[in-house]
file work27.cif (mmCIF, C-alpha atoms)
data_protein
#
loop_
_atom_site.label_atom_id
_atom_site.label_comp_id
_atom_site.auth_asym_id
_atom_site.auth_seq_id
_atom_site.Cartn_x
_atom_site.Cartn_y
_atom_site.Cartn_z
CA MET A 11 -16.17 76.01 -2.18
CA THR A 12 -15.18 75.91 1.45
CA GLU A 13 -16.45 73.03 3.52
CA ILE A 14 -16.80 73.44 7.27
CA ILE A 15 -16.35 70.25 9.31
CA VAL A 16 -16.89 70.15 13.07
CA VAL A 17 -15.16 67.47 15.11
CA THR A 18 -17.36 66.93 18.12
CA SER A 19 -18.36 64.33 20.74
CA GLY A 20 -20.08 65.69 23.81
CA LYS A 21 -17.87 63.70 26.14
CA GLY A 22 -14.33 64.84 26.86
CA GLY A 23 -11.18 62.85 26.35
CA VAL A 24 -12.42 60.70 23.48
CA GLY A 25 -9.97 62.06 20.90
CA LYS A 26 -11.50 65.17 19.32
CA THR A 27 -8.27 67.15 19.16
CA THR A 28 -6.21 64.16 18.03
CA THR A 29 -8.80 63.58 15.32
CA SER A 30 -9.01 67.25 14.29
CA ALA A 31 -5.23 67.45 13.95
CA SER A 32 -4.95 64.24 11.98
CA ILE A 33 -7.85 64.95 9.63
CA ALA A 34 -6.53 68.45 8.98
CA CYS A 35 -3.05 67.05 8.20
CA GLY A 36 -4.48 64.29 6.04
CA LEU A 37 -6.51 66.75 3.95
CA ALA A 38 -3.54 69.13 3.63
CA ARG A 39 -1.31 66.25 2.57
CA ARG A 40 -3.70 65.70 -0.31
CA GLY A 41 -3.14 69.27 -1.41
CA LYS A 42 -6.22 70.80 0.17
CA LYS A 43 -5.92 74.21 1.80
CA VAL A 44 -6.98 73.66 5.40
CA ALA A 45 -7.51 75.77 8.51
CA VAL A 46 -7.92 73.93 11.79
CA ILE A 47 -9.46 76.02 14.57
CA ASP A 48 -9.48 75.38 18.32
CA PHE A 49 -12.86 76.34 19.80
CA ASP A 50 -11.92 75.36 23.34
CA ILE A 51 -11.52 78.87 24.74
CA GLY A 52 -9.62 78.84 28.02
CA LEU A 53 -8.38 75.28 27.51
CA ARG A 54 -6.22 75.60 24.40
CA ASN A 55 -4.66 72.28 23.37
CA LEU A 56 -4.73 71.93 19.61
CA ASP A 57 -1.49 73.95 19.44
CA LEU A 58 0.26 71.32 21.57
CA ILE A 59 -1.03 68.41 19.50
CA MET A 60 0.01 70.24 16.32
CA GLY A 61 3.39 71.07 17.86
CA CYS A 62 3.11 74.84 17.31
CA GLU A 63 2.50 75.98 20.91
CA ARG A 64 5.54 78.28 20.97
CA ARG A 65 4.50 80.05 17.79
CA VAL A 66 1.15 81.29 19.07
CA VAL A 67 1.19 85.08 19.12
CA TYR A 68 -2.42 85.93 18.37
CA ASP A 69 -5.47 83.73 18.80
CA PHE A 70 -9.06 83.23 17.64
CA VAL A 71 -10.49 85.73 20.15
CA ASN A 72 -7.92 88.38 19.16
CA VAL A 73 -9.14 88.07 15.58
CA ILE A 74 -12.81 88.23 16.55
CA GLN A 75 -12.23 91.31 18.72
CA GLY A 76 -10.31 93.02 15.92
CA GLU A 77 -7.02 93.13 17.83
CA CYS A 78 -5.13 91.58 14.93
CA THR A 79 -5.78 90.43 11.39
CA LEU A 80 -6.68 86.85 10.56
CA LYS A 81 -3.40 86.53 8.64
CA GLN A 82 -1.42 87.48 11.74
CA ALA A 83 -3.19 84.86 13.84
CA LEU A 84 -3.05 81.94 11.40
CA ILE A 85 -0.02 79.78 12.18
CA LYS A 86 1.40 78.17 9.08
CA ASP A 87 2.34 74.53 9.64
CA LYS A 88 6.04 73.78 9.19
CA ARG A 89 5.45 70.34 7.67
CA LEU A 90 2.57 70.91 5.29
CA GLU A 91 2.44 73.84 2.88
CA THR A 92 -1.33 74.29 2.86
CA LEU A 93 -2.13 73.80 6.56
CA TYR A 94 -2.88 76.59 9.04
CA VAL A 95 -3.73 76.52 12.74
CA LEU A 96 -5.82 79.06 14.61
CA ALA A 97 -5.26 78.71 18.35
CA ALA A 98 -7.88 79.21 21.05
CA SER A 99 -7.46 82.01 23.52
CA GLN A 100 -6.02 80.82 26.80
CA THR A 101 -7.01 83.82 28.90
CA ARG A 102 -10.46 84.99 27.92
CA ASP A 103 -13.69 83.35 28.88
CA LYS A 104 -15.99 81.62 26.42
CA GLU A 105 -18.26 84.65 26.14
CA ALA A 106 -15.61 86.30 23.97
CA LEU A 107 -16.80 84.16 21.04
CA SER A 108 -19.81 85.43 19.13
CA PRO A 109 -21.68 83.95 16.18
CA GLU A 110 -21.08 87.11 14.14
CA GLY A 111 -17.37 87.02 14.92
CA VAL A 112 -17.06 83.37 13.99
CA ARG A 113 -18.97 84.00 10.78
CA ARG A 114 -16.63 86.86 9.84
CA VAL A 115 -13.59 84.62 10.31
CA PHE A 116 -15.19 81.85 8.24
CA ASP A 117 -16.14 84.31 5.49
CA GLU A 118 -12.58 85.57 5.33
CA LEU A 119 -11.19 82.01 5.15
CA THR A 120 -13.66 81.28 2.36
CA ALA A 121 -12.57 84.38 0.46
CA ASP A 122 -8.95 83.28 0.94
CA GLY A 123 -9.67 80.09 -0.95
CA PHE A 124 -9.54 77.58 1.89
CA ASP A 125 -10.99 74.20 0.93
CA PHE A 126 -11.69 73.04 4.48
CA ILE A 127 -12.25 74.59 7.89
CA ILE A 128 -11.90 72.01 10.66
CA CYS A 129 -13.51 73.08 13.93
CA ASP A 130 -12.13 71.32 16.99
CA SER A 131 -15.06 71.48 19.41
CA PRO A 132 -14.70 71.63 23.18
CA ALA A 133 -16.37 68.91 25.24
CA GLY A 134 -19.81 69.54 26.65
CA ILE A 135 -22.81 71.26 25.12
CA GLU A 136 -22.10 74.84 26.18
CA LYS A 137 -21.42 77.89 24.07
CA GLY A 138 -18.04 76.82 22.66
CA ALA A 139 -19.42 73.49 21.46
CA HIS A 140 -22.51 75.20 20.11
CA LEU A 141 -20.51 77.73 18.08
CA ALA A 142 -18.11 75.08 16.81
CA MET A 143 -21.01 73.20 15.20
CA TYR A 144 -23.24 76.15 14.30
CA PHE A 145 -21.92 76.85 10.78
CA ALA A 146 -20.90 73.27 9.97
CA ASP A 147 -21.68 71.49 6.72
CA ARG A 148 -20.53 68.19 8.14
CA ALA A 149 -19.82 66.71 11.54
CA VAL A 150 -17.36 64.04 12.55
CA VAL A 151 -18.73 62.60 15.79
CA VAL A 152 -15.90 61.01 17.74
CA VAL A 153 -17.04 58.11 19.89
CA ASN A 154 -15.36 55.57 22.15
CA PRO A 155 -17.11 52.18 22.21
CA GLU A 156 -18.28 52.79 25.75
CA VAL A 157 -21.70 53.65 27.20
CA SER A 158 -21.20 57.25 28.35
CA SER A 159 -19.48 58.31 25.15
CA VAL A 160 -22.21 56.78 22.97
CA ARG A 161 -24.99 58.38 24.97
CA ASP A 162 -23.32 61.81 24.94
CA SER A 163 -22.74 61.63 21.21
CA ASP A 164 -26.42 60.93 20.67
CA ARG A 165 -27.13 64.13 22.58
CA ILE A 166 -24.76 65.93 20.21
CA LEU A 167 -26.62 64.42 17.24
CA GLY A 168 -29.79 65.98 18.62
CA LEU A 169 -28.10 69.38 18.74
CA LEU A 170 -26.68 68.99 15.23
CA SER A 171 -30.16 68.42 13.88
CA ALA A 172 -31.67 71.40 15.71
CA LYS A 173 -29.14 74.02 16.77
CA THR A 174 -27.18 74.62 13.60
CA LEU A 175 -27.55 77.23 10.89
CA ARG A 176 -28.50 74.54 8.37
CA ALA A 177 -31.22 73.21 10.66
CA GLU A 178 -32.52 76.68 11.47
CA GLN A 179 -32.70 77.70 7.82
CA GLY A 180 -34.13 74.37 6.74
CA ASN A 181 -31.12 74.20 4.44
CA GLY A 182 -30.64 70.43 4.60
CA GLN A 183 -29.05 68.48 7.39
CA VAL A 184 -25.52 68.69 8.67
CA LYS A 185 -24.01 65.50 7.26
CA GLU A 186 -23.01 63.34 10.23
CA HIS A 187 -20.20 60.81 10.31
CA LEU A 188 -19.24 58.36 13.05
CA LEU A 189 -15.57 57.99 13.93
CA LEU A 190 -14.76 55.35 16.54
CA THR A 191 -11.54 55.76 18.49
CA ARG A 192 -9.70 53.59 21.03
CA TYR A 193 -11.14 50.54 19.33
CA SER A 194 -9.82 47.20 20.51
CA PRO A 195 -10.65 44.36 18.09
CA LYS A 196 -9.39 41.89 20.66
CA ARG A 197 -11.81 43.05 23.35
CA VAL A 198 -14.62 43.18 20.80
CA ALA A 199 -13.85 39.56 19.89
CA THR A 200 -14.14 38.48 23.54
CA GLY A 201 -17.40 40.38 23.97
CA GLU A 202 -15.97 42.93 26.39
CA MET A 203 -16.37 45.88 24.04
CA MET A 204 -19.17 46.99 21.76
CA SER A 205 -18.38 46.49 18.09
CA VAL A 206 -18.46 49.04 15.26
CA GLY A 207 -21.72 47.43 14.20
CA ASP A 208 -23.24 47.82 17.67
CA VAL A 209 -22.41 51.53 17.91
CA LYS A 210 -23.46 52.14 14.34
CA GLU A 211 -26.80 50.46 14.98
CA ILE A 212 -27.50 52.45 18.15
CA LEU A 213 -26.60 55.83 16.67
CA GLY A 214 -27.71 55.17 13.10
CA LEU A 215 -24.70 56.84 11.49
CA ASP A 216 -22.38 55.92 8.67
CA VAL A 217 -18.87 55.02 9.79
CA VAL A 218 -16.13 57.29 8.48
CA GLY A 219 -13.35 55.68 10.46
CA VAL A 220 -12.33 53.19 13.11
CA VAL A 221 -9.12 54.08 14.92
CA PRO A 222 -7.52 51.30 16.94
CA GLU A 223 -6.39 51.79 20.54
CA SER A 224 -2.67 52.39 20.41
CA THR A 225 0.29 53.70 22.36
CA ASP A 226 1.21 55.65 19.22
CA VAL A 227 -1.40 58.31 20.07
CA LEU A 228 0.29 59.28 23.33
CA ALA A 229 3.71 59.17 21.69
CA ALA A 230 2.46 61.52 18.97
CA SER A 231 1.00 64.02 21.41
CA ASN A 232 4.17 63.86 23.50
CA ALA A 233 6.14 64.84 20.42
CA GLY A 234 3.68 67.39 19.03
CA ILE A 235 3.41 65.51 15.74
CA PRO A 236 -0.14 64.65 14.64
CA VAL A 237 -0.38 60.86 14.74
CA ILE A 238 -1.41 60.60 11.08
CA LEU A 239 2.15 61.67 10.20
CA ASN A 240 3.60 58.56 11.89
CA GLU A 241 3.67 56.35 8.81
CA ASP A 242 4.50 53.19 10.78
CA SER A 243 1.34 53.33 12.82
CA ASP A 244 -2.00 51.61 12.23
CA VAL A 245 -3.58 54.73 13.75
CA SER A 246 -2.09 56.75 10.92
CA ARG A 247 -3.47 54.34 8.32
CA ALA A 248 -6.89 54.42 9.99
CA TYR A 249 -6.98 58.22 9.90
CA GLU A 250 -5.73 58.21 6.32
CA ASP A 251 -8.68 55.95 5.42
CA ALA A 252 -11.07 58.30 7.24
CA VAL A 253 -9.75 61.26 5.25
CA ALA A 254 -10.23 59.32 2.01
CA ARG A 255 -13.84 58.55 2.99
CA LEU A 256 -14.47 62.19 3.87
CA LEU A 257 -13.35 63.00 0.34
CA GLY A 258 -15.88 60.56 -1.04
CA GLU A 259 -13.65 57.57 -1.72
CA THR A 260 -14.82 54.06 -0.91
CA VAL A 261 -12.30 52.37 1.34
CA PRO A 262 -12.89 49.09 3.19
CA LEU A 263 -12.67 49.21 7.00
CA ARG A 264 -9.36 48.04 8.45
CA PHE A 265 -8.25 47.26 11.99
CA VAL A 266 -11.68 46.06 13.09
CA ASP A 267 -10.83 42.36 13.30
CA GLU A 268 -8.44 40.71 15.65
CA PRO A 269 -5.36 39.45 13.85
CA LYS A 270 -5.53 35.65 13.65
CA LYS A 271 -3.19 33.95 16.04
CA GLY A 272 -1.47 30.67 15.45
CA PHE A 273 -1.97 27.63 17.65
CA PHE A 274 1.18 28.20 19.69
CA ALA A 275 0.49 31.86 20.28
CA ARG A 276 -2.94 30.96 21.60
CA MET A 277 -1.63 28.22 23.89
CA PHE A 278 1.30 30.07 25.33
CA GLY A 279 0.19 33.67 25.18
CA GLY A 280 1.62 36.51 23.21
CA MET B 11 -4.18 34.88 26.22
CA GLY B 12 -2.51 32.02 28.09
CA LEU B 13 -3.45 28.39 28.58
CA LEU B 14 -5.66 29.10 31.61
CA ALA B 15 -7.64 31.77 29.84
CA LEU B 16 -8.95 29.15 27.43
CA PHE B 17 -10.93 27.61 30.26
CA ARG B 18 -11.87 30.76 32.08
CA ARG B 19 -14.68 32.74 30.54
CA SER B 20 -15.94 35.91 32.09
CA PRO B 21 -19.44 36.82 30.95
CA PRO B 22 -19.22 39.22 28.01
CA SER B 23 -20.49 42.67 28.94
CA ALA B 24 -20.69 44.33 25.54
CA HIS B 25 -24.20 43.09 24.82
CA VAL B 26 -25.40 44.44 28.17
CA ALA B 27 -23.95 47.82 27.22
CA LYS B 28 -25.64 47.69 23.85
CA GLU B 29 -29.05 46.78 25.31
CA ARG B 30 -28.89 49.52 27.94
CA LEU B 31 -27.86 52.09 25.35
CA ARG B 32 -30.51 51.01 22.88
CA ILE B 33 -33.22 51.66 25.46
CA ILE B 34 -31.89 54.91 26.91
CA VAL B 35 -31.00 56.41 23.54
CA GLN B 36 -34.43 55.58 22.15
CA GLN B 37 -36.06 57.07 25.23
CA GLU B 38 -34.01 60.27 25.07
CA ARG B 39 -34.62 60.62 21.35
CA SER B 40 -38.36 60.38 21.72
CA ALA B 41 -38.19 62.85 24.61
CA ARG B 42 -36.49 65.47 22.43
CA GLY B 43 -37.03 64.54 18.80
CA GLY B 44 -40.41 66.11 18.31
CA GLY B 45 -41.95 63.75 20.85
CA PRO B 46 -44.72 65.42 22.85
CA ASP B 47 -43.27 67.37 25.75
CA TYR B 48 -45.87 66.00 28.15
CA LEU B 49 -44.18 62.57 28.04
CA PRO B 50 -42.01 62.94 31.15
CA LEU B 51 -44.96 64.23 33.18
CA LEU B 52 -47.27 61.55 31.79
CA ARG B 53 -44.68 58.96 32.75
CA ARG B 54 -44.45 60.29 36.33
CA GLU B 55 -48.20 60.46 36.80
CA LEU B 56 -48.78 57.01 35.38
CA LEU B 57 -46.09 55.71 37.67
CA GLU B 58 -47.86 57.26 40.67
CA VAL B 59 -51.18 55.67 39.70
CA ILE B 60 -49.63 52.26 39.15
CA ARG B 61 -47.84 52.50 42.46
CA LYS B 62 -51.16 52.80 44.29
CA TYR B 63 -51.73 49.18 43.32
CA VAL B 64 -48.37 47.60 42.62
CA ASN B 65 -44.97 48.62 43.87
CA VAL B 66 -43.10 48.82 40.59
CA ASP B 67 -39.64 50.17 40.04
CA PRO B 68 -39.42 53.46 38.05
CA ALA B 69 -37.12 51.70 35.60
CA ALA B 70 -39.86 49.17 34.88
CA VAL B 71 -42.01 51.80 33.21
CA GLN B 72 -41.17 52.47 29.57
CA ILE B 73 -42.90 55.07 27.48
CA ASN B 74 -42.08 55.82 23.87
CA VAL B 75 -43.52 57.51 20.86
CA GLU B 76 -42.73 55.80 17.59
CA ARG B 77 -43.46 56.99 14.11
CA GLU B 78 -44.33 54.52 11.41
CA ASP B 79 -45.79 55.36 8.01
CA GLY B 80 -47.05 58.71 9.16
CA GLN B 81 -48.73 57.22 12.21
CA GLU B 82 -47.68 57.99 15.75
CA VAL B 83 -47.87 55.20 18.26
CA LEU B 84 -47.66 55.81 21.98
CA GLU B 85 -46.09 52.72 23.44
CA PHE B 86 -46.35 52.11 27.14
CA SER B 87 -45.07 49.09 28.98
CA VAL B 88 -44.82 48.17 32.64
CA ALA B 89 -42.84 45.20 33.84
CA LEU B 90 -44.54 43.93 37.00
CA PRO B 91 -42.38 42.67 39.83
CA GLU B 92 -42.11 38.87 40.11
CA LYS B 93 -44.45 38.45 43.09
CA ALA B 94 -46.95 41.19 42.29
CA ARG B 95 -50.34 40.51 43.85
#
call {"tool": "encode", "arguments": {"input": "work27.cif", "output": "structure tokens"}}
result
Amino acid sequence: MTEIIVVTSGKGGVGKTTTSASIACGLARRGKKVAVIDFDIGLRNLDLIMGCERRVVYDFVNVIQGECTLKQALIKDKRLETLYVLAASQTRDKEALSPEGVRRVFDELTADGFDFIICDSPAGIEKGAHLAMYFADRAVVVVNPEVSSVRDSDRILGLLSAKTLRAEQGNGQVKEHLLLTRYSPKRVATGEMMSVGDVKEILGLDVVGVVPESTDVLAASNAGIPVILNEDSDVSRAYEDAVARLLGETVPLRFVDEPKKGFFARMFGG
Amino acid sequence: MGLLALFRRSPPSAHVAKERLRIIVQQERSARGGGPDYLPLLRRELLEVIRKYVNVDPAAVQINVEREDGQEVLEFSVALPEKAR
């Protein structure tokens, strides 16, 4: 069975594409057959984060408009056997996407035996975001521990419970997961940043991952290598845990507490 | 954190963020989540009536619909200004 997961947030710049790329890689690394699709028509970026920007020949809109086959447009990842990227169109406007077209692509991926379809949603609540979530079975809501991001994600939760195929057909809820990014245990400890518990309480969601703030994320996007593939990074471990939880494993939360400092470190800084 | 920082405490802002979000998220949820669609208008009209007598701030008027055990409760609260007469 193919599972469709939308990575969404409402607010821009919180880490949707970084998260989509890393979750897709993490699932593929566990042997799952994964397609990760960029729904941000006109503002294509997933290709850059995945490091396949120079291999884009056909895109999502080309497939929907019948200008190429799905096989021609799927870019096979060079690192992971079972991972494929479908780029967004850079030139067309958002109207080029249609629910029927998206459904046809998803049906074909299902028939091809894909285990997961990861939909990288654009920011906002317009058509692209709507279509990215419309067919979803599950949603990973990416949130920064910051007021505007939390509020916007609650708006997205409202849409997930009303404007999706599952909601419209009364076919159960889209399963929602909270993924916190740019988390700073140190600032949480000093009371400058809302904690996982705070955000969880406000939104009422289960936590699928907490990704610490790190310079590794920028380094990964600079290089075009999804950050989960940087084995030395806590960000990678945090995403790896999130992938495990998505697959139903029980994994304790890491990177949510400030590492204990010794007496000297506290006195003299470090 | 250096030596000085041990003695210098800025007031923590996270709990302010949490409180503000708790209120606005609850308000927005009741406005959309099946809450009656007359709520925003009701809130405005009530505010106008109250303002004939007391000059309250719009933010001081809270209106929510809560569901408990199959019952719907319309909750309405007005925080009066300190020197209201």
call {"tool": "resolve_selection", "arguments": {"input": "work27.cif", "expression": "the PyMOL selection byres ((chain B and resi 25-34) around 7)", "output": "JSON list (two decimals) with C-alpha atoms, in the frame of the given file"}}
result
[["chain", "number", "residue", "atom", "x", "y", "z"],
["A", 157, "VAL", "CA", -21.70, 53.65, 27.20],
["A", 161, "ARG", "CA", -24.99, 58.38, 24.97],
["A", 204, "MET", "CA", -19.17, 46.99, 21.76],
["A", 208, "ASP", "CA", -23.24, 47.82, 17.67],
["A", 212, "ILE", "CA", -27.50, 52.45, 18.15],
["B", 23, "SER", "CA", -20.49, 42.67, 28.94],
["B", 24, "ALA", "CA", -20.69, 44.33, 25.54],
["B", 35, "VAL", "CA", -31.00, 56.41, 23.54],
["B", 36, "GLN", "CA", -34.43, 55.58, 22.15],
["B", 37, "GLN", "CA", -36.06, 57.07, 25.23],
["B", 38, "GLU", "CA", -34.01, 60.27, 25.07]]
call {"tool": "residues_around", "arguments": {"input": "work27.cif", "residues": "segment 93-101 of chain A", "least_positions_apart": "5", "cutoff": "6 Å", "atoms": "only C-alpha atoms", "output": "PDB file with C-alpha atoms, in the coordinates of the input"}}
result
ATOM      1  CA  ALA A  38      -3.540  69.130   3.630  1.00  0.00           C
ATOM      2  CA  VAL A  44      -6.980  73.660   5.400  1.00  0.00           C
ATOM      3  CA  ALA A  45      -7.510  75.770   8.510  1.00  0.00           C
ATOM      4  CA  VAL A  46      -7.920  73.930  11.790  1.00  0.00           C
ATOM      5  CA  ILE A  47      -9.460  76.020  14.570  1.00  0.00           C
ATOM      6  CA  ASP A  48      -9.480  75.380  18.320  1.00  0.00           C
ATOM      7  CA  PHE A  49     -12.860  76.340  19.800  1.00  0.00           C
ATOM      8  CA  ILE A  51     -11.520  78.870  24.740  1.00  0.00           C
ATOM      9  CA  GLY A  52      -9.620  78.840  28.020  1.00  0.00           C
ATOM     10  CA  ARG A  54      -6.220  75.600  24.400  1.00  0.00           C
ATOM     11  CA  ASP A  69      -5.470  83.730  18.800  1.00  0.00           C
ATOM     12  CA  PHE A  70      -9.060  83.230  17.640  1.00  0.00           C
ATOM     13  CA  VAL A  71     -10.490  85.730  20.150  1.00  0.00           C
ATOM     14  CA  LEU A  84      -3.050  81.940  11.400  1.00  0.00           C
ATOM     15  CA  ILE A  85      -0.020  79.780  12.180  1.00  0.00           C
ATOM     16  CA  LYS A  86       1.400  78.170   9.080  1.00  0.00           C
ATOM     17  CA  ASP A  87       2.340  74.530   9.640  1.00  0.00           C
TER      18      ASP A  87
END
call {"tool": "closest_residue", "arguments": {"input": "work27.cif", "among": "A:Leu37, A:Leu188, A:Val160, A:Ala229", "to": "chain B", "atoms": "all atoms listed in the file"}}
result
A:Val160
call {"tool": "resolve_selection", "arguments": {"input": "work27.cif", "expression": "the PyMOL selection byres ((chain A) within 10 of (chain B))", "output": "JSON, numbers by chain"}}
result
{"A": [155, 156, 157, 158, 160, 161, 162, 164, 165, 167, 168, 169, 171, 172, 197, 198, 199, 200, 201, 202, 203, 204, 205, 208, 209, 211, 212, 213, 274, 275, 276, 277, 278, 279, 280]}
call {"tool": "residues_around", "arguments": {"input": "work27.cif", "residues": "Gly258 of chain A", "least_positions_apart": "6", "cutoff": "12 Å", "atoms": "all atoms listed in the file", "output": "PyMOL selection string"}}
result
chain A and resi 218+251-252
call {"tool": "write_last_selection", "arguments": {"input": "work27.cif", "atoms": "C-alpha atoms", "output": "compact mmCIF listing (two decimals), keeping the file's coordinate frame"}}
result
# COMPACT_ATOMS: atom_id res chain seq x y z
CA VAL A 218 -16.13 57.29 8.48
CA ASP A 251 -8.68 55.95 5.42
CA ALA A 252 -11.07 58.30 7.24
call {"tool": "atom_distance", "arguments": {"input": "work27.cif", "atom1": "atom CA of Leu175 of chain A", "atom2": "atom CA of Asp117 of chain A"}}
result
14.5 Å
call {"tool": "atom_distance", "arguments": {"input": "work27.cif", "atom1": "atom CA of Leu53 of chain A", "atom2": "atom CA of Val152 of chain A"}}
result
18.9 Å
call {"tool": "atom_distance", "arguments": {"input": "work27.cif", "atom1": "atom CA of Glu58 of chain B", "atom2": "atom CA of Ala70 of chain B"}}
result
12.8 Å
call {"tool": "residues_near_point", "arguments": {"input": "work27.cif", "point": "(-37.1, 49.2, 40.9)", "cutoff": "12 Å", "atoms": "only C-alpha atoms", "output": "ChimeraX atom specification"}}
result
/B:57,61,64-71,88-92
call {"tool": "write_last_selection", "arguments": {"input": "work27.cif", "atoms": "C-alpha atoms", "output": "mmCIF file, keeping the file's coordinate frame"}}
result
data_model
loop_
_atom_site.group_PDB
_atom_site.id
_atom_site.type_symbol
_atom_site.label_atom_id
_atom_site.label_comp_id
_atom_site.auth_asym_id
_atom_site.auth_seq_id
_atom_site.Cartn_x
_atom_site.Cartn_y
_atom_site.Cartn_z
ATOM 1 C CA LEU B 57 -46.090 55.710 37.670
ATOM 2 C CA ARG B 61 -47.840 52.500 42.460
ATOM 3 C CA VAL B 64 -48.370 47.600 42.620
ATOM 4 C CA ASN B 65 -44.970 48.620 43.870
ATOM 5 C CA VAL B 66 -43.100 48.820 40.590
ATOM 6 C CA ASP B 67 -39.640 50.170 40.040
ATOM 7 C CA PRO B 68 -39.420 53.460 38.050
ATOM 8 C CA ALA B 69 -37.120 51.700 35.600
ATOM 9 C CA ALA B 70 -39.860 49.170 34.880
ATOM 10 C CA VAL B 71 -42.010 51.800 33.210
ATOM 11 C CA VAL B 88 -44.820 48.170 32.640
ATOM 12 C CA ALA B 89 -42.840 45.200 33.840
ATOM 13 C CA LEU B 90 -44.540 43.930 37.000
ATOM 14 C CA PRO B 91 -42.380 42.670 39.830
ATOM 15 C CA GLU B 92 -42.110 38.870 40.110
#
call {"tool": "axis_aligned_box", "arguments": {"input": "work27.cif", "around": "segment 71-79 of chain A", "padding_each_side": "3 Å", "output": "lines of an AutoDock Vina configuration file"}}
result
center_x = -9.0
center_y = 89.4
center_z = 15.8
size_x = 13.7
size_y = 13.4
size_z = 14.8
call {"tool": "resolve_selection", "arguments": {"input": "work27.cif", "expression": "the PyMOL selection byres ((chain A and resi 242-245) around 12)", "output": "PyMOL selection string"}}
result
chain A and resi 28-29+32-33+190-194+219-230+236-241+246-252+264-266
call {"tool": "residues_near_point", "arguments": {"input": "work27.cif", "point": "(-16.6, 62.0, 11.2)", "cutoff": "7 Å", "atoms": "only C-alpha atoms", "output": "number ranges by chain"}}
result
A: 17, 149-152, 186-189, 218
call {"tool": "closest_residue", "arguments": {"input": "work27.cif", "among": "B:Lys62, B:Ser40, B:Leu52, B:Asp47", "to": "Val83 of chain B", "atoms": "all atoms listed in the file"}}
result
B:Ser40
call {"tool": "closest_residue", "arguments": {"input": "work27.cif", "among": "A:Val24, A:Asp103, A:Ser108, A:Thr92", "to": "Ser163 of chain A", "atoms": "all atoms listed in the file"}}
result
A:Val24
call {"tool": "residues_around", "arguments": {"input": "work27.cif", "residues": "Gly134 of chain A", "least_positions_apart": "4", "cutoff": "9 Å", "atoms": "all atoms listed in the file", "output": "list in words"}}
result
Ser19, Gly20, Lys21, Gly22, Gly138, Ala139, Asp162 and Ile166 of chain A
call {"tool": "closest_residue", "arguments": {"input": "work27.cif", "among": "A:Gly23, A:Gly111, A:Gly207, A:Gly234", "to": "Val73 of chain A", "atoms": "all atoms listed in the file"}}
result
A:Gly111
call {"tool": "residues_around", "arguments": {"input": "work27.cif", "residues": "Ile73 of chain B", "least_positions_apart": "2", "cutoff": "7 Å", "atoms": "all atoms listed in the file", "output": "PDB file with C-alpha atoms, in the frame of the given file"}}
result
ATOM      1  CA  ARG B  53     -44.680  58.960  32.750  1.00  0.00           C
ATOM      2  CA  VAL B  71     -42.010  51.800  33.210  1.00  0.00           C
ATOM      3  CA  GLU B  85     -46.090  52.720  23.440  1.00  0.00           C
ATOM      4  CA  PHE B  86     -46.350  52.110  27.140  1.00  0.00           C
ATOM      5  CA  SER B  87     -45.070  49.090  28.980  1.00  0.00           C
TER       6      SER B  87
END
call {"tool": "decode", "arguments": {"input": "work27.cif", "residues": "segment 142-152 of chain A", "atoms": "N, CA and C atoms", "output": "PDB file, in the first residue's frame"}}
result
ATOM      1  N   ALA A 142      -1.229  19.887  -2.204  1.00  0.00           N
ATOM      2  CA  ALA A 142      -0.205  19.047  -1.576  1.00  0.00           C
ATOM      3  C   ALA A 142      -0.806  18.210  -0.452  1.00  0.00           C
ATOM      4  N   MET A 143      -1.798  18.769   0.259  1.00  0.00           N
ATOM      5  CA  MET A 143      -2.379  18.047   1.396  1.00  0.00           C
ATOM      6  C   MET A 143      -3.626  17.246   1.012  1.00  0.00           C
ATOM      7  N   TYR A 144      -4.213  17.545  -0.169  1.00  0.00           N
ATOM      8  CA  TYR A 144      -5.547  17.044  -0.454  1.00  0.00           C
ATOM      9  C   TYR A 144      -5.677  15.515  -0.388  1.00  0.00           C
ATOM     10  N   PHE A 145      -4.686  14.792  -0.923  1.00  0.00           N
ATOM     11  CA  PHE A 145      -4.795  13.334  -0.975  1.00  0.00           C
ATOM     12  C   PHE A 145      -4.061  12.641   0.176  1.00  0.00           C
ATOM     13  N   ALA A 146      -3.557  13.433   1.126  1.00  0.00           N
ATOM     14  CA  ALA A 146      -2.655  12.877   2.141  1.00  0.00           C
ATOM     15  C   ALA A 146      -3.340  11.904   3.096  1.00  0.00           C
ATOM     16  N   ASP A 147      -2.568  10.885   3.503  1.00  0.00           N
ATOM     17  CA  ASP A 147      -2.988  10.005   4.586  1.00  0.00           C
ATOM     18  C   ASP A 147      -2.478  10.543   5.918  1.00  0.00           C
ATOM     19  N   ARG A 148      -1.284  11.151   5.839  1.00  0.00           N
ATOM     20  CA  ARG A 148      -0.669  11.687   7.037  1.00  0.00           C
ATOM     21  C   ARG A 148      -0.064  13.046   6.746  1.00  0.00           C
ATOM     22  N   ALA A 149       0.120  13.832   7.792  1.00  0.00           N
ATOM     23  CA  ALA A 149       0.738  15.141   7.630  1.00  0.00           C
ATOM     24  C   ALA A 149       1.834  15.319   8.670  1.00  0.00           C
ATOM     25  N   VAL A 150       2.975  15.768   8.206  1.00  0.00           N
ATOM     26  CA  VAL A 150       4.027  16.185   9.130  1.00  0.00           C
ATOM     27  C   VAL A 150       3.983  17.709   9.141  1.00  0.00           C
ATOM     28  N   VAL A 151       3.577  18.279  10.283  1.00  0.00           N
ATOM     29  CA  VAL A 151       3.460  19.724  10.393  1.00  0.00           C
ATOM     30  C   VAL A 151       4.759  20.265  10.994  1.00  0.00           C
ATOM     31  N   VAL A 152       5.493  20.997  10.185  1.00  0.00           N
ATOM     32  CA  VAL A 152       6.793  21.511  10.612  1.00  0.00           C
ATOM     33  C   VAL A 152       6.605  22.856  11.309  1.00  0.00           C
TER      34      VAL A 152
END
